[in-house]
$ cat run_0.pdb   # PDB, C-alpha atoms
ATOM      1  CA  MET A   1     175.921-194.746  26.928
ATOM      2  CA  LEU A   2     178.875-193.650  24.790
ATOM      3  CA  PRO A   3     180.552-190.211  24.444
ATOM      4  CA  TRP A   4     179.028-189.499  21.048
ATOM      5  CA  ASN A   5     175.459-190.056  22.308
ATOM      6  CA  TYR A   6     173.307-187.038  23.083
ATOM      7  CA  GLY A   7     173.146-186.307  26.782
ATOM      8  CA  PHE A   8     176.362-188.064  27.686
ATOM      9  CA  HIS A   9     178.083-186.778  30.831
ATOM     10  CA  TRP A  10     181.467-187.717  32.240
ATOM     11  CA  THR A  11     181.099-189.172  35.725
ATOM     12  CA  ILE A  12     183.083-191.646  37.820
ATOM     13  CA  GLY A  13     180.672-194.384  36.709
ATOM     14  CA  THR A  14     181.001-193.584  33.006
ATOM     15  CA  ILE A  15     184.806-193.412  33.283
ATOM     16  CA  ILE A  16     184.886-196.868  34.893
ATOM     17  CA  PHE A  17     182.431-198.204  32.289
ATOM     18  CA  MET A  18     184.379-196.722  29.357
ATOM     19  CA  GLY A  19     187.659-198.073  30.725
ATOM     20  CA  ALA A  20     186.237-201.586  31.047
ATOM     21  CA  PHE A  21     184.517-201.374  27.645
ATOM     22  CA  TYR A  22     187.611-200.313  25.718
ATOM     23  CA  THR A  23     189.839-202.756  27.628
ATOM     24  CA  ALA A  24     187.554-205.645  26.608
ATOM     25  CA  LEU A  25     187.454-204.327  23.031
ATOM     26  CA  ALA A  26     191.260-204.157  22.911
ATOM     27  CA  ILE A  27     191.565-207.730  24.238
ATOM     28  CA  VAL A  28     189.139-209.050  21.620
ATOM     29  CA  ALA A  29     190.928-207.172  18.826
ATOM     30  CA  ALA A  30     194.354-208.375  19.994
ATOM     31  CA  THR A  31     193.088-211.967  20.160
ATOM     32  CA  LEU A  32     191.713-211.800  16.613
ATOM     33  CA  VAL A  33     194.896-210.236  15.251
ATOM     34  CA  ASN A  34     197.000-212.860  17.019
ATOM     35  CA  ALA A  35     194.833-215.660  15.598
ATOM     36  CA  VAL A  36     195.161-214.268  12.059
ATOM     37  CA  VAL A  37     198.949-213.879  12.409
ATOM     38  CA  ARG A  38     199.330-217.417  13.779
ATOM     39  CA  SER A  39     197.142-218.848  10.995
ATOM     40  CA  ARG A  40     199.146-217.066   8.294
ATOM     41  CA  ARG A  41     202.392-218.236   9.889
ATOM     42  CA  ALA A  42     201.077-221.810  10.051
ATOM     43  CA  LEU A  43     200.073-221.730   6.383
ATOM     44  CA  ARG A  44     203.445-220.308   5.324
ATOM     45  CA  GLY A  45     205.239-222.917   7.433
ATOM     46  CA  GLY A  46     203.307-225.823   5.916
ATOM     47  CA  LYS A  47     201.459-226.503   9.168
ATOM     48  CA  ALA A  48     197.952-226.423   7.708
ATOM     49  CA  GLU A  49     197.765-230.209   7.328
ATOM     50  CA  GLU A  50     199.036-230.699  10.880
ATOM     51  CA  ILE A  51     196.371-228.348  12.235
ATOM     52  CA  ARG A  52     193.682-230.087  10.194
ATOM     53  CA  TRP A  53     194.734-233.541  11.411
ATOM     54  CA  ASP A  54     194.787-232.388  15.040
ATOM     55  CA  SER A  55     191.204-231.171  14.619
ATOM     56  CA  ASP A  56     190.115-234.374  12.846
ATOM     57  CA  PHE A  57     191.773-236.558  15.486
ATOM     58  CA  HIS A  58     189.919-234.883  18.343
ATOM     59  CA  ASP A  59     186.660-235.249  16.396
ATOM     60  CA  LEU A  60     187.089-239.036  16.363
ATOM     61  CA  PRO A  61     185.113-241.047  18.942
ATOM     62  CA  ALA A  62     187.120-241.693  22.118
ATOM     63  CA  SER A  63     187.198-245.426  21.351
ATOM     64  CA  ASP A  64     188.991-244.693  18.059
ATOM     65  CA  ARG A  65     191.652-242.511  19.692
ATOM     66  CA  GLN A  66     193.114-245.368  21.730
ATOM     67  CA  CYS A  67     196.862-245.857  22.039
ATOM     68  CA  ARG A  68     198.392-248.651  19.938
ATOM     69  CA  HIS A  69     199.525-250.340  23.156
ATOM     70  CA  VAL A  70     195.883-250.913  24.063
ATOM     71  CA  LEU A  71     195.583-253.034  20.901
ATOM     72  CA  THR A  72     198.421-255.276  22.064
ATOM     73  CA  GLY A  73     197.123-255.536  25.637
ATOM     74  CA  GLU A  74     199.846-253.473  27.305
ATOM     75  CA  PHE A  75     197.220-251.029  28.611
ATOM     76  CA  ARG A  76     193.565-251.630  29.390
ATOM     77  CA  TYR A  77     192.695-248.108  28.269
ATOM     78  CA  ARG A  78     194.830-245.189  27.175
ATOM     79  CA  GLU A  79     193.937-242.410  24.773
ATOM     80  CA  CYS A  80     196.799-241.447  22.478
ATOM     81  CA  PRO A  81     198.123-238.073  23.722
ATOM     82  CA  HIS A  82     199.970-237.292  20.468
ATOM     83  CA  ALA A  83     197.322-237.833  17.754
ATOM     84  CA  PHE A  84     198.881-241.147  16.590
ATOM     85  CA  ASP A  85     202.337-239.593  16.189
ATOM     86  CA  CYS A  86     204.286-241.988  18.409
ATOM     87  CA  ARG A  87     207.536-240.296  17.411
ATOM     88  CA  ARG A  88     206.763-237.703  20.105
ATOM     89  CA  CYS A  89     205.677-240.179  22.780
ATOM     90  CA  ALA A  90     208.042-240.921  25.673
ATOM     91  CA  THR A  91     205.819-243.808  26.840
ATOM     92  CA  HIS A  92     206.054-245.539  23.464
ATOM     93  CA  ALA A  93     209.833-245.059  23.386
ATOM     94  CA  ARG A  94     210.131-246.532  26.889
ATOM     95  CA  LEU A  95     208.017-249.568  26.049
ATOM     96  CA  MET A  96     210.014-250.196  22.900
ATOM     97  CA  ALA A  97     213.281-249.884  24.842
ATOM     98  CA  GLU A  98     212.005-252.367  27.435
ATOM     99  CA  GLY A  99     211.166-254.830  24.698
ATOM    100  CA  ALA A 100     207.443-254.869  25.501
ATOM    101  CA  SER A 101     206.646-254.232  21.850
ATOM    102  CA  ALA A 102     209.403-256.248  20.175
ATOM    103  CA  VAL A 103     208.495-257.101  16.578
ATOM    104  CA  ALA A 104     208.314-260.843  15.933
ATOM    105  CA  ARG A 105     208.873-261.596  12.261
ATOM    106  CA  VAL A 106     208.120-265.336  12.179
ATOM    107  CA  TYR A 107     206.209-265.415   8.899
ATOM    108  CA  PRO A 108     206.781-263.336   5.752
ATOM    109  CA  GLU A 109     203.107-262.394   5.669
ATOM    110  CA  GLU A 110     200.359-261.800   8.193
ATOM    111  CA  GLU A 111     196.895-262.922   7.125
ATOM    112  CA  VAL A 112     193.823-261.683   8.982
ATOM    113  CA  TYR A 113     190.244-262.495   7.902
ATOM    114  CA  GLY A 114     191.671-263.689   4.615
ATOM    115  CA  MET A 115     193.378-260.351   3.944
ATOM    116  CA  SER A 116     197.104-260.027   3.340
ATOM    117  CA  PHE A 117     199.304-257.726   5.456
ATOM    118  CA  PRO A 118     202.951-258.412   4.473
ATOM    119  CA  LEU A 119     205.456-257.879   7.272
ATOM    120  CA  ASP A 120     208.063-256.233   5.031
ATOM    121  CA  ARG A 121     206.275-252.911   5.560
ATOM    122  CA  VAL A 122     204.729-250.781   8.296
ATOM    123  CA  TYR A 123     201.125-249.615   8.530
ATOM    124  CA  HIS A 124     199.369-246.337   9.221
ATOM    125  CA  ARG A 125     196.106-246.495  11.159
ATOM    126  CA  GLY A 126     194.436-244.708   8.251
ATOM    127  CA  HIS A 127     195.043-247.846   6.079
ATOM    128  CA  THR A 128     198.153-246.905   4.160
ATOM    129  CA  TRP A 129     201.466-248.757   4.290
ATOM    130  CA  ALA A 130     205.091-247.690   3.851
ATOM    131  CA  ARG A 131     207.988-249.856   2.682
ATOM    132  CA  THR A 132     211.657-248.857   2.536
ATOM    133  CA  GLU A 133     213.333-249.690  -0.778
ATOM    134  CA  ARG A 134     217.013-250.485  -1.363
ATOM    135  CA  ASP A 135     217.688-247.038  -2.763
ATOM    136  CA  GLY A 136     216.364-245.408   0.412
ATOM    137  CA  THR A 137     213.076-244.228  -1.068
ATOM    138  CA  ILE A 138     209.728-245.098   0.515
ATOM    139  CA  THR A 139     206.912-246.767  -1.384
ATOM    140  CA  VAL A 140     203.416-246.008  -0.082
ATOM    141  CA  GLY A 141     200.258-247.933  -0.861
ATOM    142  CA  LEU A 142     196.778-248.730   0.388
ATOM    143  CA  ASP A 143     196.473-251.770   2.633
ATOM    144  CA  ASP A 144     194.197-254.716   1.829
ATOM    145  CA  LEU A 145     191.286-253.516   3.944
ATOM    146  CA  GLY A 146     191.566-249.968   2.594
ATOM    147  CA  GLY A 147     191.627-251.356  -0.946
ATOM    148  CA  ARG A 148     188.460-253.368  -0.301
ATOM    149  CA  LEU A 149     186.733-250.333   1.197
ATOM    150  CA  LEU A 150     187.362-248.319  -1.969
ATOM    151  CA  GLY A 151     187.140-251.232  -4.423
ATOM    152  CA  GLU A 152     187.401-249.746  -7.907
ATOM    153  CA  PRO A 153     187.410-246.011  -7.059
ATOM    154  CA  ASP A 154     185.371-243.643  -9.196
ATOM    155  CA  GLY A 155     188.322-241.271  -9.325
ATOM    156  CA  VAL A 156     191.714-240.586  -7.759
ATOM    157  CA  GLU A 157     193.519-237.278  -7.234
ATOM    158  CA  LEU A 158     197.262-237.829  -6.786
ATOM    159  CA  PRO A 159     199.913-235.249  -5.833
ATOM    160  CA  ARG A 160     202.448-234.185  -8.446
ATOM    161  CA  PRO A 161     206.150-235.098  -8.316
ATOM    162  CA  GLY A 162     208.002-232.445  -6.351
ATOM    163  CA  GLU A 163     205.135-231.817  -3.948
ATOM    164  CA  HIS A 164     205.617-232.511  -0.258
ATOM    165  CA  VAL A 165     203.475-234.677   2.027
ATOM    166  CA  THR A 166     203.454-234.776   5.828
ATOM    167  CA  VAL A 167     202.594-237.488   8.341
ATOM    168  CA  ASN A 168     198.808-237.514   8.891
ATOM    169  CA  GLY A 169     198.385-234.949   6.140
ATOM    170  CA  THR A 170     196.707-235.616   2.785
ATOM    171  CA  ALA A 171     198.585-238.170   0.678
ATOM    172  CA  TRP A 172     195.960-238.412  -2.068
ATOM    173  CA  ARG A 173     192.194-238.316  -2.519
ATOM    174  CA  ALA A 174     189.804-240.918  -3.875
ATOM    175  CA  ARG A 175     186.120-240.812  -4.796
ATOM    176  CA  LYS A 176     183.773-243.733  -4.234
ATOM    177  CA  ARG A 177     180.024-243.400  -4.677
ATOM    178  CA  ASN A 178     179.082-240.367  -2.562
ATOM    179  CA  ALA A 179     182.380-240.350  -0.656
ATOM    180  CA  ASP A 180     185.293-237.964  -1.191
ATOM    181  CA  VAL A 181     187.996-239.758   0.784
ATOM    182  CA  ARG A 182     191.170-238.098   2.084
ATOM    183  CA  ILE A 183     193.905-240.732   2.430
ATOM    184  CA  LEU A 184     196.460-239.884   5.128
ATOM    185  CA  SER A 185     200.194-240.029   4.543
ATOM    186  CA  PRO A 186     202.246-242.401   6.719
ATOM    187  CA  VAL A 187     205.512-240.470   6.183
ATOM    188  CA  ASP A 188     206.960-237.009   5.546
ATOM    189  CA  GLY A 189     208.736-236.430   2.263
ATOM    190  CA  GLU A 190     208.911-235.322  -1.365
ATOM    191  CA  ILE A 191     206.856-237.083  -4.039
ATOM    192  CA  LEU A 192     209.111-238.672  -6.658
ATOM    193  CA  GLU A 193     206.597-240.737  -8.621
ATOM    194  CA  THR A 194     202.947-241.768  -8.509
ATOM    195  CA  GLY A 195     201.215-245.062  -9.230
ATOM    196  CA  GLY A 196     197.507-245.472  -8.633
ATOM    197  CA  PRO A 197     194.627-247.908  -8.127
ATOM    198  CA  HIS A 198     195.781-250.132 -11.008
ATOM    199  CA  ALA A 199     199.366-250.298  -9.701
ATOM    200  CA  PRO A 200     200.487-252.163  -6.561
ATOM    201  CA  TRP A 201     201.420-248.823  -4.955
ATOM    202  CA  TYR A 202     200.376-245.162  -5.009
ATOM    203  CA  LEU A 203     203.394-242.996  -4.133
ATOM    204  CA  ARG A 204     207.155-243.191  -4.182
ATOM    205  CA  ILE A 205     208.660-240.732  -1.728
ATOM    206  CA  ARG A 206     212.072-239.356  -0.760
ATOM    207  CA  PRO A 207     211.610-239.247   3.041
ATOM    208  CA  ASP A 208     212.610-236.309   5.196
ATOM    209  CA  ARG A 209     213.619-238.787   7.891
ATOM    210  CA  ARG A 210     213.412-242.517   8.532
ATOM    211  CA  ASP A 211     211.578-242.543  11.840
ATOM    212  CA  PHE A 212     208.584-244.862  11.566
ATOM    213  CA  ALA A 213     207.726-244.974  15.283
ATOM    214  CA  ASN A 214     204.236-243.718  14.398
ATOM    215  CA  LEU A 215     203.492-246.811  12.286
ATOM    216  CA  LEU A 216     202.356-250.332  13.208
ATOM    217  CA  ALA A 217     204.444-253.432  12.528
ATOM    218  CA  GLY A 218     204.845-257.118  13.282
ATOM    219  CA  HIS A 219     202.721-258.461  16.130
ATOM    220  CA  GLU A 220     200.688-255.221  16.285
ATOM    221  CA  ILE A 221     199.078-255.867  12.902
ATOM    222  CA  ARG A 222     196.697-258.714  13.776
ATOM    223  CA  PRO A 223     195.014-257.075  16.815
ATOM    224  CA  TRP A 224     194.778-253.786  14.920
ATOM    225  CA  VAL A 225     193.085-255.377  11.875
ATOM    226  CA  MET A 226     190.697-257.304  14.113
ATOM    227  CA  ARG A 227     189.784-254.039  15.829
ATOM    228  CA  GLU A 228     189.325-252.381  12.428
ATOM    229  CA  MET A 229     186.911-255.125  11.394
ATOM    230  CA  GLU A 230     184.887-254.449  14.528
ATOM    231  CA  ARG A 231     184.871-250.735  13.702
ATOM    232  CA  LEU A 232     183.752-251.485  10.153
ATOM    233  CA  GLN A 233     180.871-253.631  11.377
ATOM    234  CA  LEU A 234     179.770-250.853  13.744
ATOM    235  CA  ALA A 235     180.039-248.240  10.976
ATOM    236  CA  LEU A 236     177.955-250.353   8.595
ATOM    237  CA  THR A 237     175.362-251.056  11.292
ATOM    238  CA  ALA A 238     175.119-247.345  12.099
ATOM    239  CA  GLU A 239     174.387-246.654   8.419
ATOM    240  CA  GLY A 240     171.560-249.183   8.278
ATOM    241  CA  ALA A 241     173.481-252.009   6.614
ATOM    242  CA  ALA A 242     173.462-255.584   7.867
ATOM    243  CA  PRO A 243     177.164-256.484   7.962
ATOM    244  CA  THR A 244     178.242-260.103   7.580
ATOM    245  CA  LEU A 245     181.945-259.609   8.249
ATOM    246  CA  ALA A 246     182.272-261.454  11.561
ATOM    247  CA  ASP A 247     182.136-265.051  10.367
ATOM    248  CA  GLY A 248     185.894-265.383   9.929
ATOM    249  CA  GLY A 249     185.749-265.163   6.138
ATOM    250  CA  ALA A 250     187.465-262.574   3.990
ATOM    251  CA  PRO A 251     185.569-259.375   3.151
ATOM    252  CA  VAL A 252     184.517-259.034  -0.460
ATOM    253  CA  GLU A 253     186.871-257.236  -2.845
ATOM    254  CA  ASP A 254     184.530-254.230  -3.162
ATOM    255  CA  ILE A 255     182.777-253.703   0.172
ATOM    256  CA  ALA A 256     181.014-250.554  -1.056
ATOM    257  CA  ALA A 257     179.316-252.497  -3.846
ATOM    258  CA  ALA A 258     178.173-255.125  -1.332
ATOM    259  CA  TYR A 259     176.424-252.513   0.836
ATOM    260  CA  PRO A 260     174.670-250.134  -1.584
ATOM    261  CA  GLN A 261     172.272-248.911   1.135
ATOM    262  CA  ALA A 262     175.063-247.584   3.373
ATOM    263  CA  ASP A 263     176.160-243.938   3.410
ATOM    264  CA  TRP A 264     179.668-244.555   2.109
ATOM    265  CA  ASP A 265     180.849-241.052   2.928
ATOM    266  CA  ALA A 266     180.134-241.722   6.628
ATOM    267  CA  VAL A 267     181.655-245.222   6.525
ATOM    268  CA  CYS A 268     184.845-244.008   4.825
ATOM    269  CA  GLY A 269     185.049-241.003   7.153
ATOM    270  CA  GLU A 270     185.052-243.450  10.071
ATOM    271  CA  MET A 271     187.509-245.964   8.632
ATOM    272  CA  PHE A 272     189.958-243.506   7.071
ATOM    273  CA  LEU A 273     190.064-241.329  10.237
ATOM    274  CA  GLU A 274     188.482-238.202   8.867
ATOM    275  CA  GLY A 275     186.674-237.295  12.097
ATOM    276  CA  CYS A 276     182.971-236.526  12.467
TER     277      CYS A 276
END
$ encode --input "run_0.pdb" --output "structure tokens"
Amino acid sequence: MLPWNYGFHWTIGTIIFMGAFYTALAIVAATLVNAVVRSRRALRGGKAEEIRWDSDFHDLPASDRQCRHVLTGEFRYRECPHAFDCRRCATHARLMAEGASAVARVYPEEEVYGMSFPLDRVYHRGHTWARTERDGTITVGLDDLGGRLLGEPDGVELPRPGEHVTVNGTAWRARKRNADVRILSPVDGEILETGGPHAPWYLRIRPDRRDFANLLAGHEIRPWVMREMERLQLALTAEGAAPTLADGGAPVEDIAAAYPQADWDAVCGEMFLEGC
């Protein structure tokens, strides 16, 4: 019963009730106001992509959130505590300092399942790569498996020169069949120039910093790609396809065209780390 109701009387019980009621109401209101203020501050500070990625990362299956050092056998199981941003990880820095993850560049190119992964660049787990050029800019492209997943895209939406991209934020978008795919950026920086699906690269970027600790290189590439092929087979099986990617041969150039019965939005969401 509230004061404006007919028959209301002030008693010790109603005073206690009203105090508790308005205290709870004030807490709820303060929480909502705080959430709105923090959201506006995050948007103004360019943190929207970071917030979105953090949400997407935690929507991924636990098996897909594993630390990169699980791929190389340094841990049996460890979930990445920093949403694949190894730049913030003290454990990764320690392992690198100890030489446990030393990059062995024996061959100029790593080939896995007939796909090419050149070792002159580093790789994002969302299937982009980044290569440092002589002038200090960074060229970003789609790796061989990512290119085969999209094949000939139905459309591409690229950022404009002058725009800024952030690690794990949206680098560009591509459409394939029923899939609207958000490709994640491997680096932070300003867009200088764009290529596209008919060029050997997609973006040329002036980086904010040259810290690529979040990206895979050297001896990490083979076990990662092999794990990605397993994930692709599971994704295709879950969508009712009958994958034939485990025979050691190279995947076809346009995987989507080879599996017309699969829900390509779900497959791409899995492989390009867009969460559930």
$ resolve_selection --input "run_0.pdb" --expression "the PyMOL selection byres ((chain A and resi 95) around 12)" --output "list in words"
Arg68, His69, Thr72, Glu74, Phe75, Cys86, Cys89, Ala90, Thr91, His92, Ala93, Arg94, Met96, Ala97, Glu98, Gly99, Ala100, Ser101, Ala102 and Ala213 of chain A
$ atom_distance --input "run_0.pdb" --atom1 "CA of Val267 in chain A" --atom2 "CA of Thr194 in chain A"
26.3 Å
$ axis_aligned_box --input "run_0.pdb" --around "range 189-203 of chain A" --padding-each-side "4 Å" --output "JSON"
{"center_x": 201.9, "center_y": -243.7, "center_z": -4.4, "size_x": 22.5, "size_y": 24.8, "size_z": 21.3}
$ closest_residue --input "run_0.pdb" --among "A:Ser116, A:Gln261, A:Thr132, A:Asn168" --to "Gly146 in chain A" --atoms "all atoms listed in the file"
A:Ser116
$ resolve_selection --input "run_0.pdb" --expression "the PyMOL selection byres ((chain A and resi 221) around 9)" --output "ChimeraX atom specification"
/A:110,112,117,119,122-123,216-220,222-226
$ write_last_selection --input "run_0.pdb" --atoms "C-alpha atoms" --output "PDB file, keeping the file's coordinate frame"
ATOM      1  CA  GLU A 110     200.359-261.800   8.193  1.00  0.00           C
ATOM      2  CA  VAL A 112     193.823-261.683   8.982  1.00  0.00           C
ATOM      3  CA  PHE A 117     199.304-257.726   5.456  1.00  0.00           C
ATOM      4  CA  LEU A 119     205.456-257.879   7.272  1.00  0.00           C
ATOM      5  CA  VAL A 122     204.729-250.781   8.296  1.00  0.00           C
ATOM      6  CA  TYR A 123     201.125-249.615   8.530  1.00  0.00           C
ATOM      7  CA  LEU A 216     202.356-250.332  13.208  1.00  0.00           C
ATOM      8  CA  ALA A 217     204.444-253.432  12.528  1.00  0.00           C
ATOM      9  CA  GLY A 218     204.845-257.118  13.282  1.00  0.00           C
ATOM     10  CA  HIS A 219     202.721-258.461  16.130  1.00  0.00           C
ATOM     11  CA  GLU A 220     200.688-255.221  16.285  1.00  0.00           C
ATOM     12  CA  ARG A 222     196.697-258.714  13.776  1.00  0.00           C
ATOM     13  CA  PRO A 223     195.014-257.075  16.815  1.00  0.00           C
ATOM     14  CA  TRP A 224     194.778-253.786  14.920  1.00  0.00           C
ATOM     15  CA  VAL A 225     193.085-255.377  11.875  1.00  0.00           C
ATOM     16  CA  MET A 226     190.697-257.304  14.113  1.00  0.00           C
TER      17      MET A 226
END
$ resolve_selection --input "run_0.pdb" --expression "the PyMOL selection byres ((chain A and resi 61) around 12)" --output "short mmCIF file (atom, residue, chain, number, x, y, z; two decimals) with C-alpha atoms, in the coordinates of the input"
data_model
loop_
_atom_site.label_atom_id
_atom_site.label_comp_id
_atom_site.auth_asym_id
_atom_site.auth_seq_id
_atom_site.Cartn_x
_atom_site.Cartn_y
_atom_site.Cartn_z
CA ASP A 56 190.12 -234.37 12.85
CA PHE A 57 191.77 -236.56 15.49
CA HIS A 58 189.92 -234.88 18.34
CA ASP A 59 186.66 -235.25 16.40
CA LEU A 60 187.09 -239.04 16.36
CA ALA A 62 187.12 -241.69 22.12
CA SER A 63 187.20 -245.43 21.35
CA ASP A 64 188.99 -244.69 18.06
CA ARG A 65 191.65 -242.51 19.69
CA GLN A 66 193.11 -245.37 21.73
CA GLU A 79 193.94 -242.41 24.77
CA ARG A 231 184.87 -250.74 13.70
CA ALA A 235 180.04 -248.24 10.98
CA GLY A 269 185.05 -241.00 7.15
CA GLU A 270 185.05 -243.45 10.07
CA MET A 271 187.51 -245.96 8.63
CA LEU A 273 190.06 -241.33 10.24
CA GLU A 274 188.48 -238.20 8.87
CA GLY A 275 186.67 -237.30 12.10
CA CYS A 276 182.97 -236.53 12.47
#
$ residues_around --input "run_0.pdb" --residues "Leu215 in chain A" --least-positions-apart "6" --cutoff "9 Å" --atoms "all atoms listed in the file" --output "list in words"
Phe84, Asp85, Cys86, Val122, Tyr123, His124, Arg125, Trp129, Ala130 and Pro186 of chain A
$ atom_distance --input "run_0.pdb" --atom1 "CA of Thr128 in chain A" --atom2 "CA of Ala258 in chain A"
22.3 Å
$ residues_near_point --input "run_0.pdb" --point "(211.3, -234.9, 9.5)" --cutoff "7 Å" --atoms "only C-alpha atoms" --output "list in words"
Asp188, Asp208 and Arg209 of chain A
$ residues_near_point --input "run_0.pdb" --point "(181.7, -247.2, 0.8)" --cutoff "12 Å" --atoms "all atoms listed in the file" --output "number ranges by chain"
A: 145-154, 174-181, 232, 235-236, 239, 241, 253-272
$ atom_distance --input "run_0.pdb" --atom1 "CA of Gly136 in chain A" --atom2 "CA of Ile183 in chain A"
23.0 Å
$ residues_around --input "run_0.pdb" --residues "Asp135 in chain A" --least-positions-apart "6" --cutoff "12 Å" --atoms "all atoms listed in the file" --output "list in words"
Arg204, Ile205, Arg206 and Pro207 of chain A
$ closest_residue --input "run_0.pdb" --among "A:Pro200, A:Gly126, A:Gly189, A:Gly195" --to "Ile138 in chain A" --atoms "only C-alpha atoms"
A:Gly189
$ closest_residue --input "run_0.pdb" --among "A:Ile27, A:Ile191, A:Ile16, A:Leu32" --to "Trp172 in chain A" --atoms "all atoms listed in the file"
A:Ile191
$ closest_residue --input "run_0.pdb" --among "A:Leu192, A:Met229, A:Met115, A:Ala199" --to "Asp143 in chain A" --atoms "all atoms listed in the file"
A:Met115
$ build_atoms --input "run_0.pdb" --residues "range 127-143 of chain A" --atoms "N, CA and C atoms" --output "PDB file, in the coordinates of the input"
ATOM      1  N   HIS A 127     195.057-246.800   7.115  1.00  0.00           N
ATOM      2  CA  HIS A 127     195.043-247.846   6.079  1.00  0.00           C
ATOM      3  C   HIS A 127     195.957-247.593   4.884  1.00  0.00           C
ATOM      4  N   THR A 128     197.064-246.922   5.140  1.00  0.00           N
ATOM      5  CA  THR A 128     198.153-246.905   4.160  1.00  0.00           C
ATOM      6  C   THR A 128     199.329-247.699   4.733  1.00  0.00           C
ATOM      7  N   TRP A 129     200.245-248.093   3.845  1.00  0.00           N
ATOM      8  CA  TRP A 129     201.466-248.757   4.290  1.00  0.00           C
ATOM      9  C   TRP A 129     202.677-248.056   3.690  1.00  0.00           C
ATOM     10  N   ALA A 130     203.827-248.271   4.327  1.00  0.00           N
ATOM     11  CA  ALA A 130     205.091-247.690   3.851  1.00  0.00           C
ATOM     12  C   ALA A 130     206.161-248.771   3.873  1.00  0.00           C
ATOM     13  N   ARG A 131     206.928-248.856   2.788  1.00  0.00           N
ATOM     14  CA  ARG A 131     207.988-249.856   2.682  1.00  0.00           C
ATOM     15  C   ARG A 131     209.267-249.172   2.210  1.00  0.00           C
ATOM     16  N   THR A 132     210.362-249.426   2.916  1.00  0.00           N
ATOM     17  CA  THR A 132     211.657-248.857   2.536  1.00  0.00           C
ATOM     18  C   THR A 132     212.285-249.684   1.427  1.00  0.00           C
ATOM     19  N   GLU A 133     212.696-249.007   0.353  1.00  0.00           N
ATOM     20  CA  GLU A 133     213.333-249.690  -0.778  1.00  0.00           C
ATOM     21  C   GLU A 133     214.856-249.636  -0.635  1.00  0.00           C
ATOM     22  N   ARG A 134     215.551-250.403  -1.461  1.00  0.00           N
ATOM     23  CA  ARG A 134     217.013-250.485  -1.363  1.00  0.00           C
ATOM     24  C   ARG A 134     217.698-249.155  -1.633  1.00  0.00           C
ATOM     25  N   ASP A 135     217.075-248.328  -2.445  1.00  0.00           N
ATOM     26  CA  ASP A 135     217.688-247.038  -2.763  1.00  0.00           C
ATOM     27  C   ASP A 135     217.359-245.968  -1.727  1.00  0.00           C
ATOM     28  N   GLY A 136     216.677-246.358  -0.656  1.00  0.00           N
ATOM     29  CA  GLY A 136     216.364-245.408   0.412  1.00  0.00           C
ATOM     30  C   GLY A 136     215.046-244.683   0.252  1.00  0.00           C
ATOM     31  N   THR A 137     214.388-244.848  -0.892  1.00  0.00           N
ATOM     32  CA  THR A 137     213.076-244.228  -1.068  1.00  0.00           C
ATOM     33  C   THR A 137     212.020-245.047  -0.319  1.00  0.00           C
ATOM     34  N   ILE A 138     210.848-244.447  -0.169  1.00  0.00           N
ATOM     35  CA  ILE A 138     209.728-245.098   0.515  1.00  0.00           C
ATOM     36  C   ILE A 138     208.587-245.278  -0.475  1.00  0.00           C
ATOM     37  N   THR A 139     208.100-246.501  -0.578  1.00  0.00           N
ATOM     38  CA  THR A 139     206.912-246.767  -1.384  1.00  0.00           C
ATOM     39  C   THR A 139     205.703-246.785  -0.459  1.00  0.00           C
ATOM     40  N   VAL A 140     204.641-246.120  -0.883  1.00  0.00           N
ATOM     41  CA  VAL A 140     203.416-246.008  -0.082  1.00  0.00           C
ATOM     42  C   VAL A 140     202.248-246.578  -0.871  1.00  0.00           C
ATOM     43  N   GLY A 141     201.441-247.373  -0.216  1.00  0.00           N
ATOM     44  CA  GLY A 141     200.258-247.933  -0.861  1.00  0.00           C
ATOM     45  C   GLY A 141     199.086-247.999   0.089  1.00  0.00           C
ATOM     46  N   LEU A 142     197.998-248.550  -0.398  1.00  0.00           N
ATOM     47  CA  LEU A 142     196.778-248.730   0.388  1.00  0.00           C
ATOM     48  C   LEU A 142     196.738-250.173   0.862  1.00  0.00           C
ATOM     49  N   ASP A 143     196.468-250.395   2.148  1.00  0.00           N
ATOM     50  CA  ASP A 143     196.473-251.770   2.633  1.00  0.00           C
ATOM     51  C   ASP A 143     195.248-252.542   2.126  1.00  0.00           C
TER      52      ASP A 143
END
